[in-house]
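K.L.:
Contents of entry-v6.cif (mmCIF, C-alpha atoms) are given next:
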data_model
loop_
_atom_site.label_atom_id
_atom_site.label_comp_id
_atom_site.auth_asym_id
_atom_site.auth_seq_id
_atom_site.Cartn_x
_atom_site.Cartn_y
_atom_site.Cartn_z
CA MET U 1 -52.60 -62.91 3.56
CA GLU U 2 -50.15 -60.50 5.10
CA ILE U 3 -51.20 -56.94 5.92
CA VAL U 4 -50.09 -54.52 3.19
CA ASN U 5 -49.01 -50.96 3.95
CA VAL U 6 -50.99 -48.59 1.79
CA ASN U 7 -50.21 -45.01 0.82
CA LYS U 8 -51.64 -42.44 -1.57
CA GLU U 9 -49.76 -43.98 -4.50
CA ASN U 10 -50.99 -47.57 -4.19
CA PHE U 11 -54.39 -46.89 -2.57
CA LYS U 12 -56.30 -47.14 -5.85
CA GLU U 13 -54.63 -50.38 -6.86
CA GLU U 14 -54.77 -52.07 -3.44
CA VAL U 15 -58.15 -50.84 -2.19
CA ILE U 16 -60.39 -49.30 -4.88
CA ASN U 17 -59.59 -51.83 -7.62
CA SER U 18 -59.42 -54.86 -5.32
CA GLN U 19 -61.42 -57.90 -6.42
CA ILE U 20 -62.03 -58.92 -2.82
CA PRO U 21 -63.28 -56.81 0.14
CA VAL U 22 -60.63 -54.71 1.86
CA LEU U 23 -60.49 -53.81 5.52
CA ALA U 24 -58.49 -50.59 5.86
CA ASP U 25 -56.90 -50.01 9.26
CA PHE U 26 -56.25 -46.29 9.80
CA ASN U 27 -53.67 -46.04 12.57
CA ALA U 28 -50.64 -44.23 13.97
CA ASP U 29 -47.54 -45.22 15.91
CA TRP U 30 -48.45 -43.00 18.87
CA CYS U 31 -51.92 -44.52 19.23
CA GLY U 32 -51.97 -47.15 22.00
CA PRO U 33 -55.29 -48.76 21.02
CA CYS U 34 -54.00 -49.04 17.41
CA ARG U 35 -50.95 -50.94 18.62
CA MET U 36 -53.24 -53.14 20.71
CA LEU U 37 -55.42 -53.87 17.69
CA ARG U 38 -52.59 -54.78 15.31
CA PRO U 39 -51.96 -58.36 16.54
CA VAL U 40 -55.70 -59.06 16.25
CA LEU U 41 -55.65 -57.86 12.63
CA ASP U 42 -52.51 -59.92 11.94
CA GLU U 43 -54.38 -62.98 13.21
CA LEU U 44 -57.43 -62.23 11.06
CA ALA U 45 -55.22 -61.63 8.02
CA SER U 46 -53.48 -64.98 8.42
CA GLU U 47 -56.78 -66.85 8.83
CA HIS U 48 -58.65 -65.38 5.87
CA ASN U 49 -58.17 -65.27 2.13
CA ASP U 50 -61.63 -63.97 1.29
CA PHE U 51 -60.67 -60.39 2.18
CA LYS U 52 -57.48 -58.47 2.68
CA ILE U 53 -56.36 -56.06 5.37
CA VAL U 54 -54.36 -52.94 4.64
CA SER U 55 -52.68 -50.55 7.05
CA ILE U 56 -52.77 -46.78 6.55
CA ASN U 57 -50.61 -44.57 8.75
CA VAL U 58 -52.58 -41.34 9.21
CA ASP U 59 -49.47 -39.27 9.98
CA ASP U 60 -47.90 -40.18 6.66
CA GLU U 61 -51.17 -40.32 4.72
CA ASP U 62 -53.15 -37.39 6.06
CA GLU U 63 -54.75 -36.85 2.65
CA LEU U 64 -56.30 -40.33 2.73
CA ALA U 65 -57.42 -39.78 6.33
CA ARG U 66 -59.08 -36.50 5.32
CA GLU U 67 -60.65 -37.99 2.20
CA TYR U 68 -62.34 -40.70 4.27
CA PHE U 69 -63.18 -38.38 7.20
CA VAL U 70 -61.09 -40.31 9.67
CA SER U 71 -60.72 -38.25 12.83
CA SER U 72 -60.50 -40.94 15.53
CA ILE U 73 -58.22 -43.94 15.45
CA PRO U 74 -58.09 -46.88 15.38
CA CYS U 75 -60.64 -46.70 12.59
CA LEU U 76 -61.46 -49.73 10.43
CA VAL U 77 -63.16 -49.00 7.13
CA LEU U 78 -64.51 -51.88 5.04
CA PHE U 79 -64.43 -51.38 1.27
CA LYS U 80 -66.33 -53.44 -1.28
CA ASN U 81 -65.94 -52.70 -4.99
CA GLY U 82 -64.14 -49.50 -4.07
CA GLU U 83 -66.96 -48.19 -1.89
CA GLU U 84 -67.08 -47.82 1.88
CA VAL U 85 -69.73 -50.23 3.21
CA ASN U 86 -68.97 -50.33 6.93
CA ARG U 87 -66.88 -48.63 9.56
CA SER U 88 -65.82 -49.35 13.12
CA VAL U 89 -64.10 -46.91 15.47
CA GLY U 90 -62.04 -47.79 18.52
CA LEU U 91 -60.60 -51.00 19.82
CA LYS U 92 -62.97 -53.94 19.20
CA PRO U 93 -62.73 -57.65 20.06
CA LYS U 94 -61.84 -60.06 17.26
CA ASP U 95 -65.32 -61.59 16.94
CA GLU U 96 -66.87 -58.15 16.50
CA ILE U 97 -64.50 -57.35 13.65
CA GLU U 98 -65.25 -60.73 12.09
CA SER U 99 -68.98 -60.11 12.25
CA MET U 100 -68.47 -56.69 10.68
CA LEU U 101 -66.77 -58.45 7.77
CA GLY U 102 -69.28 -61.25 7.56
CA GLY U 103 -72.32 -59.03 7.82
CA ASN U 104 -71.73 -57.46 4.43
CA MET N 105 -61.83 -74.16 40.60
CA TYR N 106 -59.68 -71.06 40.97
CA ASP N 107 -58.51 -69.43 44.19
CA VAL N 108 -59.07 -65.97 42.76
CA ILE N 109 -60.97 -64.79 39.69
CA ILE N 110 -60.20 -61.21 38.70
CA VAL N 111 -62.65 -59.38 36.48
CA GLY N 112 -60.80 -56.81 34.38
CA ALA N 113 -57.23 -56.79 33.02
CA GLY N 114 -56.42 -53.14 33.60
CA PRO N 115 -53.62 -51.97 35.91
CA ALA N 116 -55.66 -52.81 39.06
CA GLY N 117 -56.70 -56.29 37.90
CA LEU N 118 -53.27 -57.29 36.56
CA THR N 119 -51.51 -56.02 39.69
CA SER N 120 -53.83 -58.06 41.88
CA ALA N 121 -53.05 -61.07 39.65
CA ILE N 122 -49.32 -60.58 40.25
CA TYR N 123 -49.79 -60.45 44.02
CA ALA N 124 -52.09 -63.48 44.06
CA VAL N 125 -49.93 -65.74 41.88
CA ARG N 126 -46.87 -64.79 43.89
CA ALA N 127 -48.77 -66.07 46.94
CA MET N 128 -49.08 -69.40 45.06
CA LYS N 129 -52.78 -68.96 44.34
CA LYS N 130 -54.45 -70.23 41.18
CA VAL N 131 -55.54 -67.09 39.35
CA LEU N 132 -57.81 -66.43 36.38
CA VAL N 133 -58.17 -62.96 34.89
CA LEU N 134 -61.21 -62.35 32.67
CA GLU N 135 -61.22 -59.39 30.28
CA LYS N 136 -63.81 -58.45 27.69
CA LEU N 137 -61.64 -56.35 25.38
CA ASN N 138 -57.98 -55.52 25.79
CA TYR N 139 -55.45 -55.80 28.57
CA GLY N 140 -54.26 -52.51 30.06
CA GLY N 141 -57.61 -50.77 30.43
CA GLN N 142 -57.75 -47.06 29.75
CA ILE N 143 -54.06 -46.45 30.36
CA ILE N 144 -53.39 -47.57 26.78
CA ASN N 145 -54.92 -44.26 25.65
CA THR N 146 -52.22 -42.30 27.45
CA LEU N 147 -49.39 -41.40 25.15
CA ASN N 148 -46.86 -40.78 27.90
CA ILE N 149 -47.39 -41.47 31.58
CA GLU N 150 -45.68 -38.60 33.33
CA ASN N 151 -46.68 -39.06 36.96
CA TYR N 152 -45.89 -42.70 37.72
CA PRO N 153 -43.14 -42.83 40.34
CA ALA N 154 -39.67 -43.68 39.02
CA SER N 155 -40.89 -44.34 35.47
CA PRO N 156 -41.09 -40.99 33.69
CA ASN N 157 -42.28 -41.01 30.10
CA VAL N 158 -43.27 -44.63 29.71
CA SER N 159 -46.05 -44.96 27.13
CA GLY N 160 -49.41 -46.31 28.28
CA PHE N 161 -49.15 -49.13 25.74
CA ASP N 162 -45.68 -50.18 26.92
CA PHE N 163 -46.72 -50.02 30.58
CA ALA N 164 -49.78 -52.16 29.90
CA THR N 165 -47.85 -54.69 27.80
CA LYS N 166 -45.10 -55.09 30.42
CA LEU N 167 -47.67 -55.51 33.18
CA TYR N 168 -49.64 -58.06 31.15
CA ASN N 169 -46.54 -60.11 30.33
CA GLN N 170 -45.37 -59.94 33.94
CA ALA N 171 -48.68 -61.34 35.23
CA LYS N 172 -48.72 -64.09 32.58
CA ASP N 173 -45.07 -65.04 33.07
CA LEU N 174 -45.68 -65.43 36.80
CA GLY N 175 -48.50 -67.89 36.08
CA ALA N 176 -51.77 -65.96 35.88
CA ILE N 177 -54.22 -67.26 33.30
CA VAL N 178 -55.83 -64.53 31.21
CA LYS N 179 -58.91 -65.21 29.09
CA PHE N 180 -60.67 -62.72 26.86
CA GLU N 181 -64.31 -63.30 27.71
CA ASN N 182 -67.06 -60.89 28.68
CA VAL N 183 -68.34 -61.41 32.23
CA ILE N 184 -72.13 -61.28 32.32
CA GLN N 185 -72.94 -62.25 35.87
CA ILE N 186 -71.35 -62.85 39.26
CA LYS N 187 -73.03 -65.26 41.66
CA ASN N 188 -72.31 -65.48 45.37
CA GLY N 189 -72.22 -68.68 47.43
CA ASN N 190 -69.76 -70.73 49.42
CA ILE N 191 -68.19 -71.25 46.01
CA LYS N 192 -68.61 -68.20 43.80
CA SER N 193 -69.45 -68.38 40.10
CA VAL N 194 -68.46 -66.07 37.28
CA ILE N 195 -70.56 -66.45 34.16
CA THR N 196 -69.13 -65.21 30.87
CA SER N 197 -70.63 -65.20 27.38
CA LYS N 198 -68.83 -68.53 26.77
CA ASN N 199 -68.29 -70.34 30.09
CA THR N 200 -68.93 -70.52 33.81
CA TYR N 201 -65.96 -70.45 36.19
CA GLU N 202 -65.82 -71.14 39.92
CA ALA N 203 -63.64 -69.50 42.53
CA LYS N 204 -63.09 -69.16 46.25
CA SER N 205 -62.79 -65.40 45.91
CA ILE N 206 -63.36 -62.67 43.33
CA ILE N 207 -61.72 -59.31 42.71
CA LEU N 208 -63.80 -56.82 40.72
CA ALA N 209 -61.58 -54.48 38.70
CA THR N 210 -63.94 -53.57 35.88
CA GLY N 211 -63.20 -49.84 35.74
CA SER N 212 -65.30 -47.26 33.99
CA GLN N 213 -65.94 -45.92 30.52
CA ASN N 214 -66.52 -42.51 28.91
CA ARG N 215 -69.91 -40.97 29.37
CA LYS N 216 -71.54 -39.87 26.13
CA LEU N 217 -73.57 -36.69 25.71
CA GLY N 218 -76.63 -38.71 24.75
CA LEU N 219 -77.43 -36.78 21.56
CA GLU N 220 -79.36 -38.66 18.90
CA ASN N 221 -76.73 -38.71 16.12
CA GLU N 222 -73.70 -38.85 18.43
CA ASP N 223 -72.60 -42.33 17.32
CA ASN N 224 -72.78 -41.35 13.64
CA PHE N 225 -70.22 -38.61 14.23
CA SER N 226 -67.84 -40.87 16.12
CA SER N 227 -64.58 -40.73 14.12
CA LYS N 228 -66.16 -37.95 12.07
CA GLY N 229 -65.68 -35.07 14.47
CA VAL N 230 -66.82 -36.28 17.88
CA SER N 231 -64.09 -37.63 20.14
CA TYR N 232 -63.76 -38.77 23.75
CA CYS N 233 -59.97 -38.59 23.91
CA ALA N 234 -58.11 -35.36 23.13
CA THR N 235 -54.65 -36.86 23.34
CA CYS N 236 -55.72 -39.66 20.97
CA ASP N 237 -57.42 -37.56 18.31
CA GLY N 238 -56.21 -34.00 18.86
CA ALA N 239 -53.62 -34.25 16.09
CA PHE N 240 -56.38 -34.44 13.48
CA TYR N 241 -57.46 -30.87 14.29
CA LYS N 242 -54.29 -28.91 13.60
CA GLY N 243 -55.23 -25.31 12.79
CA LYS N 244 -58.97 -26.01 13.04
CA ASP N 245 -61.66 -24.81 15.42
CA VAL N 246 -62.72 -27.27 18.10
CA ALA N 247 -64.89 -27.37 21.20
CA VAL N 248 -64.51 -29.19 24.50
CA VAL N 249 -67.56 -29.90 26.65
CA GLY N 250 -67.24 -30.62 30.36
CA GLY N 251 -66.28 -29.00 33.65
CA GLY N 252 -63.82 -31.30 35.40
CA ASN N 253 -60.09 -31.85 35.18
CA THR N 254 -60.31 -33.89 31.99
CA ALA N 255 -62.12 -31.06 30.18
CA LEU N 256 -59.56 -28.50 31.35
CA GLU N 257 -56.62 -30.70 30.43
CA ASP N 258 -58.14 -31.51 27.05
CA ALA N 259 -58.67 -27.81 26.32
CA LEU N 260 -55.11 -27.02 27.32
CA TYR N 261 -53.72 -29.80 25.13
CA LEU N 262 -55.85 -28.72 22.17
CA ALA N 263 -54.99 -25.02 22.60
CA ASP N 264 -51.49 -25.77 21.28
CA ILE N 265 -52.81 -27.68 18.26
CA ALA N 266 -56.11 -26.14 17.18
CA LYS N 267 -56.84 -22.62 15.97
CA ASN N 268 -59.55 -21.86 18.54
CA VAL N 269 -60.84 -23.92 21.44
CA TYR N 270 -64.33 -23.31 22.82
CA LEU N 271 -64.71 -24.70 26.32
CA ILE N 272 -68.38 -25.30 27.08
CA HIS N 273 -69.59 -25.93 30.60
CA ARG N 274 -73.12 -26.20 31.95
CA ARG N 275 -72.29 -24.33 35.18
CA ASP N 276 -70.72 -20.93 35.87
CA GLU N 277 -67.49 -22.26 37.32
CA PHE N 278 -65.16 -25.20 36.77
CA ARG N 279 -64.67 -28.07 39.19
CA GLY N 280 -61.23 -28.85 37.84
CA ASP N 281 -57.77 -28.00 39.08
CA ALA N 282 -57.14 -24.25 39.66
CA ALA N 283 -53.62 -24.31 38.25
CA THR N 284 -54.81 -25.84 34.97
CA PHE N 285 -57.65 -23.32 34.80
CA ASN N 286 -55.26 -20.39 35.28
CA ASN N 287 -53.01 -21.81 32.63
CA LEU N 288 -55.98 -22.02 30.26
CA LYS N 289 -57.01 -18.42 30.95
CA SER N 290 -53.61 -17.28 29.72
CA LYS N 291 -54.25 -18.85 26.29
CA ASP N 292 -55.60 -16.29 23.80
CA ASN N 293 -57.27 -18.91 21.62
CA VAL N 294 -59.41 -20.49 24.37
CA LYS N 295 -62.95 -19.09 24.68
CA PHE N 296 -65.04 -19.96 27.73
CA ILE N 297 -68.77 -20.54 27.33
CA TYR N 298 -70.56 -20.94 30.67
CA ASN N 299 -74.07 -22.04 31.63
CA SER N 300 -74.55 -23.87 28.34
CA ASN N 301 -75.11 -27.37 27.03
CA VAL N 302 -74.36 -28.90 23.65
CA THR N 303 -77.79 -29.73 22.25
CA LYS N 304 -77.25 -30.66 18.62
CA LEU N 305 -74.52 -31.99 16.34
CA ILE N 306 -74.68 -30.53 12.84
CA GLY N 307 -73.05 -31.78 9.65
CA ASP N 308 -73.48 -34.08 6.66
CA ASP N 309 -70.52 -36.41 6.25
CA LYS N 310 -68.64 -34.96 9.19
CA LEU N 311 -69.16 -32.54 12.06
CA GLU N 312 -69.42 -28.93 10.88
CA ALA N 313 -71.07 -27.16 13.81
CA ILE N 314 -72.62 -27.66 17.22
CA GLU N 315 -75.71 -26.06 18.64
CA ILE N 316 -75.42 -24.86 22.21
CA THR N 317 -78.30 -23.83 24.42
CA ASN N 318 -77.71 -21.66 27.47
CA ASN N 319 -79.62 -21.83 30.72
CA ASP N 320 -82.04 -19.10 29.51
CA GLY N 321 -82.96 -21.26 26.53
CA ASN N 322 -81.07 -19.19 23.96
CA LYS N 323 -79.58 -21.22 21.14
CA GLU N 324 -76.42 -20.53 19.18
CA ASN N 325 -74.47 -22.44 16.53
CA ILE N 326 -70.70 -22.59 16.72
CA LEU N 327 -68.70 -23.72 13.70
CA VAL N 328 -66.25 -26.42 14.78
CA SER N 329 -64.61 -29.41 13.09
CA GLY N 330 -64.23 -31.31 16.32
CA LEU N 331 -66.06 -31.75 19.59
CA PHE N 332 -64.24 -33.33 22.51
CA VAL N 333 -66.59 -34.81 25.07
CA ALA N 334 -65.27 -34.83 28.67
CA VAL N 335 -68.44 -35.11 30.72
CA GLY N 336 -67.27 -37.77 33.12
CA ARG N 337 -67.22 -41.53 33.27
CA ILE N 338 -69.69 -44.27 34.07
CA PRO N 339 -68.87 -47.29 36.23
CA LEU N 340 -68.93 -50.71 34.55
CA ASN N 341 -71.08 -52.51 37.11
CA ASP N 342 -73.59 -54.45 34.95
CA SER N 343 -72.45 -57.90 36.01
CA PHE N 344 -72.81 -57.30 39.75
CA ASN N 345 -75.02 -54.26 40.37
CA GLU N 346 -77.69 -56.37 42.05
CA LEU N 347 -75.25 -58.29 44.23
CA ILE N 348 -72.79 -55.68 45.49
CA LYS N 349 -73.54 -52.54 47.48
CA LEU N 350 -72.85 -49.47 45.33
CA ASP N 351 -72.71 -45.75 46.07
CA SER N 352 -75.23 -43.37 44.49
CA ALA N 353 -73.01 -42.96 41.40
CA GLY N 354 -72.73 -46.74 40.90
CA TYR N 355 -69.22 -47.32 42.22
CA ILE N 356 -68.40 -49.99 44.82
CA LYS N 357 -68.10 -48.92 48.42
CA ALA N 358 -65.26 -50.57 50.29
CA CYS N 359 -62.98 -49.81 53.21
CA GLU N 360 -59.23 -49.73 53.28
CA ASP N 361 -59.05 -53.53 52.83
CA CYS N 362 -60.98 -53.38 49.51
CA HIS N 363 -63.58 -55.86 50.80
CA THR N 364 -67.09 -55.33 49.41
CA ASN N 365 -70.24 -56.02 51.41
CA ILE N 366 -70.09 -59.66 50.22
CA PRO N 367 -67.54 -61.87 52.02
CA GLY N 368 -64.87 -63.05 49.58
CA ILE N 369 -65.61 -60.45 46.92
CA PHE N 370 -63.11 -57.60 46.70
CA VAL N 371 -62.74 -54.48 44.57
CA ALA N 372 -59.78 -52.68 42.99
CA GLY N 373 -59.18 -49.68 40.76
CA ASP N 374 -61.49 -47.08 39.25
CA ILE N 375 -64.67 -49.05 39.99
CA ARG N 376 -64.07 -48.49 43.71
CA SER N 377 -65.67 -45.42 45.25
CA LYS N 378 -62.78 -42.98 45.84
CA ASP N 379 -61.51 -39.46 45.32
CA VAL N 380 -58.31 -40.05 43.38
CA ARG N 381 -58.45 -42.21 40.25
CA GLN N 382 -54.89 -42.52 39.02
CA LEU N 383 -52.66 -45.30 37.73
CA VAL N 384 -50.81 -45.34 41.03
CA THR N 385 -54.01 -45.66 43.09
CA ALA N 386 -55.29 -48.42 40.77
CA VAL N 387 -52.20 -50.58 41.20
CA SER N 388 -52.18 -49.93 44.92
CA ASP N 389 -55.78 -51.15 45.16
CA GLY N 390 -54.68 -54.22 43.21
CA ALA N 391 -52.07 -55.08 45.83
CA VAL N 392 -54.47 -54.49 48.73
CA ALA N 393 -57.40 -56.42 47.19
CA ALA N 394 -55.18 -59.41 46.37
CA THR N 395 -53.70 -59.46 49.86
CA SER N 396 -57.19 -59.33 51.39
CA ALA N 397 -58.38 -62.11 49.08
CA ILE N 398 -55.40 -64.29 50.01
CA LYS N 399 -56.12 -63.72 53.70
CA PHE N 400 -59.79 -64.60 53.16
CA ILE N 401 -58.92 -67.89 51.41
CA ASN N 402 -56.29 -68.89 53.94
CA GLU N 403 -58.54 -68.24 56.93
CA LYS N 404 -61.43 -70.21 55.51
#
Go through the file and emit its structure as structure tokens.
P.N.:
Amino acid sequence: MEIVNVNKENFKEEVINSQIPVLADFNADWCGPCRMLRPVLDELASEHNDFKIVSINVDDEDELAREYFVSSIPCLVLFKNGEEVNRSVGLKPKDEIESMLGGN
Amino acid sequence: MYDVIIVGAGPAGLTSAIYAVRAMKKVLVLEKLNYGGQIINTLNIENYPASPNVSGFDFATKLYNQAKDLGAIVKFENVIQIKNGNIKSVITSKNTYEAKSIILATGSQNRKLGLENEDNFSSKGVSYCATCDGAFYKGKDVAVVGGGNTALEDALYLADIAKNVYLIHRRDEFRGDAATFNNLKSKDNVKFIYNSNVTKLIGDDKLEAIEITNNDGNKENILVSGLFVAVGRIPLNDSFNELIKLDSAGYIKACEDCHTNIPGIFVAGDIRSKDVRQLVTAVSDGAVAATSAIKFINEK
């Protein structure tokens, strides 16, 4: 599944109401570690259909960033049934992100 | 069997890879996380000769591609142990590799304050990188803790973004650069708090205040949304701290030729004991360490 860009308008539909777990990637263009993480997330997204990955640009979507208390990026927040169940901050290797997804 | 195994794909490690492959050596670079090292956190590199305003990410990506295109092999595996011998071994979490020589370019990482709930507030008010996270604190009150150049530079950067910046230092004067300090003193919204430590992080879902304790034991709470920690760095020496001679702070001692106390094992970049840790000194170590390693292999 390809990574979907999410904003305030489609957040509820794409994340809260999703039938499968959602990994939300809070990022920004100016953030080097975020740019480093993106190809890893693209890889994960293409390999898995049991969850989806969405991208949230914190500069454009500062309300969403505030609502979920994101103050360091890259920040990955895992949602299940609309609720945050796990969170990872900073650049992480692929297997660590996979285990974060599998461990829930 | 490789001619050279390089541990760490930051600027020092990747530069040494370029020099070694250009000398026709078989080179493996092992990296636990991302190529580029800490330079990827720098938005714009402003002091690298002849390349003003290149972003840390772009610099790292160009360097990585250059090393790979020239023939270096890069694998993303965490090195657990280095073993000496006529043939040296590098043990990762997945494999064991053998080499005639090794270059250690593992770098360092941010030191934490060591407070009990520090990790819980990571991404919820506690940050280790002002230029990365400063933008989240526009018009808010923040604190910086530390006494070196990084703390001063962080405070200066944040002074233009945040409402008030409290700069907390455990001593009564700063170690950092005098020019930066003078610049900071001219900012009306920067408040200096000397002889004090941050002793508690307070807040429910996110950071709301910090408790500071001064050297007389007096405690005070300061309301801040963000705390930027700049209390130094720790060397990443786990895989070789029993093999290689280190200085008292845990960095590798080496002379001008970047040779460690073990024949055939070299050091480059921030993990080397030195006064100036900059991108330009990291890449220069990379060139020197590779050249020394090549000489060592050829003379054997």
K.L.:
Taking all atoms listed in the file into account, which of N:Val384, N:Ile144, N:Ile206, N:Ile297 comes nearest Leu132 of chain N?
P.N.:
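Smallest separation from Leu132 of chain N among the options: N:Ile206.
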K.L.:
For Ile195 of chain N, list every protein, DNA or RNA residue within 7 Å, evaluated using only C-alpha atoms, and leave out those in the same chain fewer than 4 positions away; present the list as a list in words.
P.N.:
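Listed by chain and then number, they are Val183, Ile184, Gln185, Ile186, Asn199, Thr200 and Tyr201 of chain N.
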K.L.:
Export, as a CSV table (one decimal), in the coordinates of the input, the selected residues with C-alpha atoms.
P.N.:
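Everything below was put into selection.csv:
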chain,number,residue,atom,x,y,z
N,183,VAL,CA,-68.3,-61.4,32.2
N,184,ILE,CA,-72.1,-61.3,32.3
N,185,GLN,CA,-72.9,-62.2,35.9
N,186,ILE,CA,-71.4,-62.8,39.3
N,199,ASN,CA,-68.3,-70.3,30.1
N,200,THR,CA,-68.9,-70.5,33.8
N,201,TYR,CA,-66.0,-70.4,36.2
K.L.:
What residues come out when you apply the PyMOL selection byres ((chain U) within 8 of (chain N)) to this file, written as an NGL selection string?
P.N.:
:U and (30-33 or 35-36 or 69-73 or 75 or 89 or 91-93)
K.L.:
Taking (-63.0, -55.7, 46.0) in the file's coordinates, which residues come within 12 Å, counting only C-alpha atoms, written as a PyMOL selection string?
P.N.:
chain N and resi 108-112+116-117+120+205-211+344+348-350+355-377+386+389-397+400
K.L.:
Counting only C-alpha atoms, write as a ChimeraX atom specification all protein and nucleic acid residues lying at most 12 Å from (-50.4, -66.2, 34.0) in the file's frame.
P.N.:
/N:110,113,118-126,128-134,167-179
K.L.:
Could you save those same residues with C-alpha atoms as a PDB file, in the frame of the given file?
P.N.:
ATOM      1  CA  ILE N 110     -60.200 -61.210  38.700  1.00  0.00           C
ATOM      2  CA  ALA N 113     -57.230 -56.790  33.020  1.00  0.00           C
ATOM      3  CA  LEU N 118     -53.270 -57.290  36.560  1.00  0.00           C
ATOM      4  CA  THR N 119     -51.510 -56.020  39.690  1.00  0.00           C
ATOM      5  CA  SER N 120     -53.830 -58.060  41.880  1.00  0.00           C
ATOM      6  CA  ALA N 121     -53.050 -61.070  39.650  1.00  0.00           C
ATOM      7  CA  ILE N 122     -49.320 -60.580  40.250  1.00  0.00           C
ATOM      8  CA  TYR N 123     -49.790 -60.450  44.020  1.00  0.00           C
ATOM      9  CA  ALA N 124     -52.090 -63.480  44.060  1.00  0.00           C
ATOM     10  CA  VAL N 125     -49.930 -65.740  41.880  1.00  0.00           C
ATOM     11  CA  ARG N 126     -46.870 -64.790  43.890  1.00  0.00           C
ATOM     12  CA  MET N 128     -49.080 -69.400  45.060  1.00  0.00           C
ATOM     13  CA  LYS N 129     -52.780 -68.960  44.340  1.00  0.00           C
ATOM     14  CA  LYS N 130     -54.450 -70.230  41.180  1.00  0.00           C
ATOM     15  CA  VAL N 131     -55.540 -67.090  39.350  1.00  0.00           C
ATOM     16  CA  LEU N 132     -57.810 -66.430  36.380  1.00  0.00           C
ATOM     17  CA  VAL N 133     -58.170 -62.960  34.890  1.00  0.00           C
ATOM     18  CA  LEU N 134     -61.210 -62.350  32.670  1.00  0.00           C
ATOM     19  CA  LEU N 167     -47.670 -55.510  33.180  1.00  0.00           C
ATOM     20  CA  TYR N 168     -49.640 -58.060  31.150  1.00  0.00           C
ATOM     21  CA  ASN N 169     -46.540 -60.110  30.330  1.00  0.00           C
ATOM     22  CA  GLN N 170     -45.370 -59.940  33.940  1.00  0.00           C
ATOM     23  CA  ALA N 171     -48.680 -61.340  35.230  1.00  0.00           C
ATOM     24  CA  LYS N 172     -48.720 -64.090  32.580  1.00  0.00           C
ATOM     25  CA  ASP N 173     -45.070 -65.040  33.070  1.00  0.00           C
ATOM     26  CA  LEU N 174     -45.680 -65.430  36.800  1.00  0.00           C
ATOM     27  CA  GLY N 175     -48.500 -67.890  36.080  1.00  0.00           C
ATOM     28  CA  ALA N 176     -51.770 -65.960  35.880  1.00  0.00           C
ATOM     29  CA  ILE N 177     -54.220 -67.260  33.300  1.00  0.00           C
ATOM     30  CA  VAL N 178     -55.830 -64.530  31.210  1.00  0.00           C
ATOM     31  CA  LYS N 179     -58.910 -65.210  29.090  1.00  0.00           C
TER      32      LYS N 179
END
K.L.:
Name the residues in contact with Ser212 of chain N at a cut-off of 6 Å, using all atoms listed in the file, excluding same-chain residues fewer than 3 positions from it; report them as a PDB file with C-alpha atoms, keeping the file's coordinate frame.
P.N.:
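Below you can see part.pdb, which holds the result:
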ATOM      1  CA  ILE N 338     -69.690 -44.270  34.070  1.00  0.00           C
ATOM      2  CA  PRO N 339     -68.870 -47.290  36.230  1.00  0.00           C
ATOM      3  CA  LEU N 340     -68.930 -50.710  34.550  1.00  0.00           C
TER       4      LEU N 340
END
K.L.:
For the PyMOL selection byres ((chain U and resi 84) around 12), applied here, can you spell out every residue it catches as number ranges by chain?
P.N.:
U: 15-16, 21-24, 67-69, 76-83, 85-88, 104
K.L.:
So how far away is atom CA of Ser300 of chain N from atom CA of Asp276 of chain N, in Å?
P.N.:
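The value is 8.9 Å.
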K.L.:
Just give me the gap between atom CA of Gln19 of chain U and atom CA of Ser99 of chain U in Å, one decimal is fine.
P.N.:
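So the two atoms, atom CA of Gln19 of chain U and atom CA of Ser99 of chain U, lie 20.3 Å apart.
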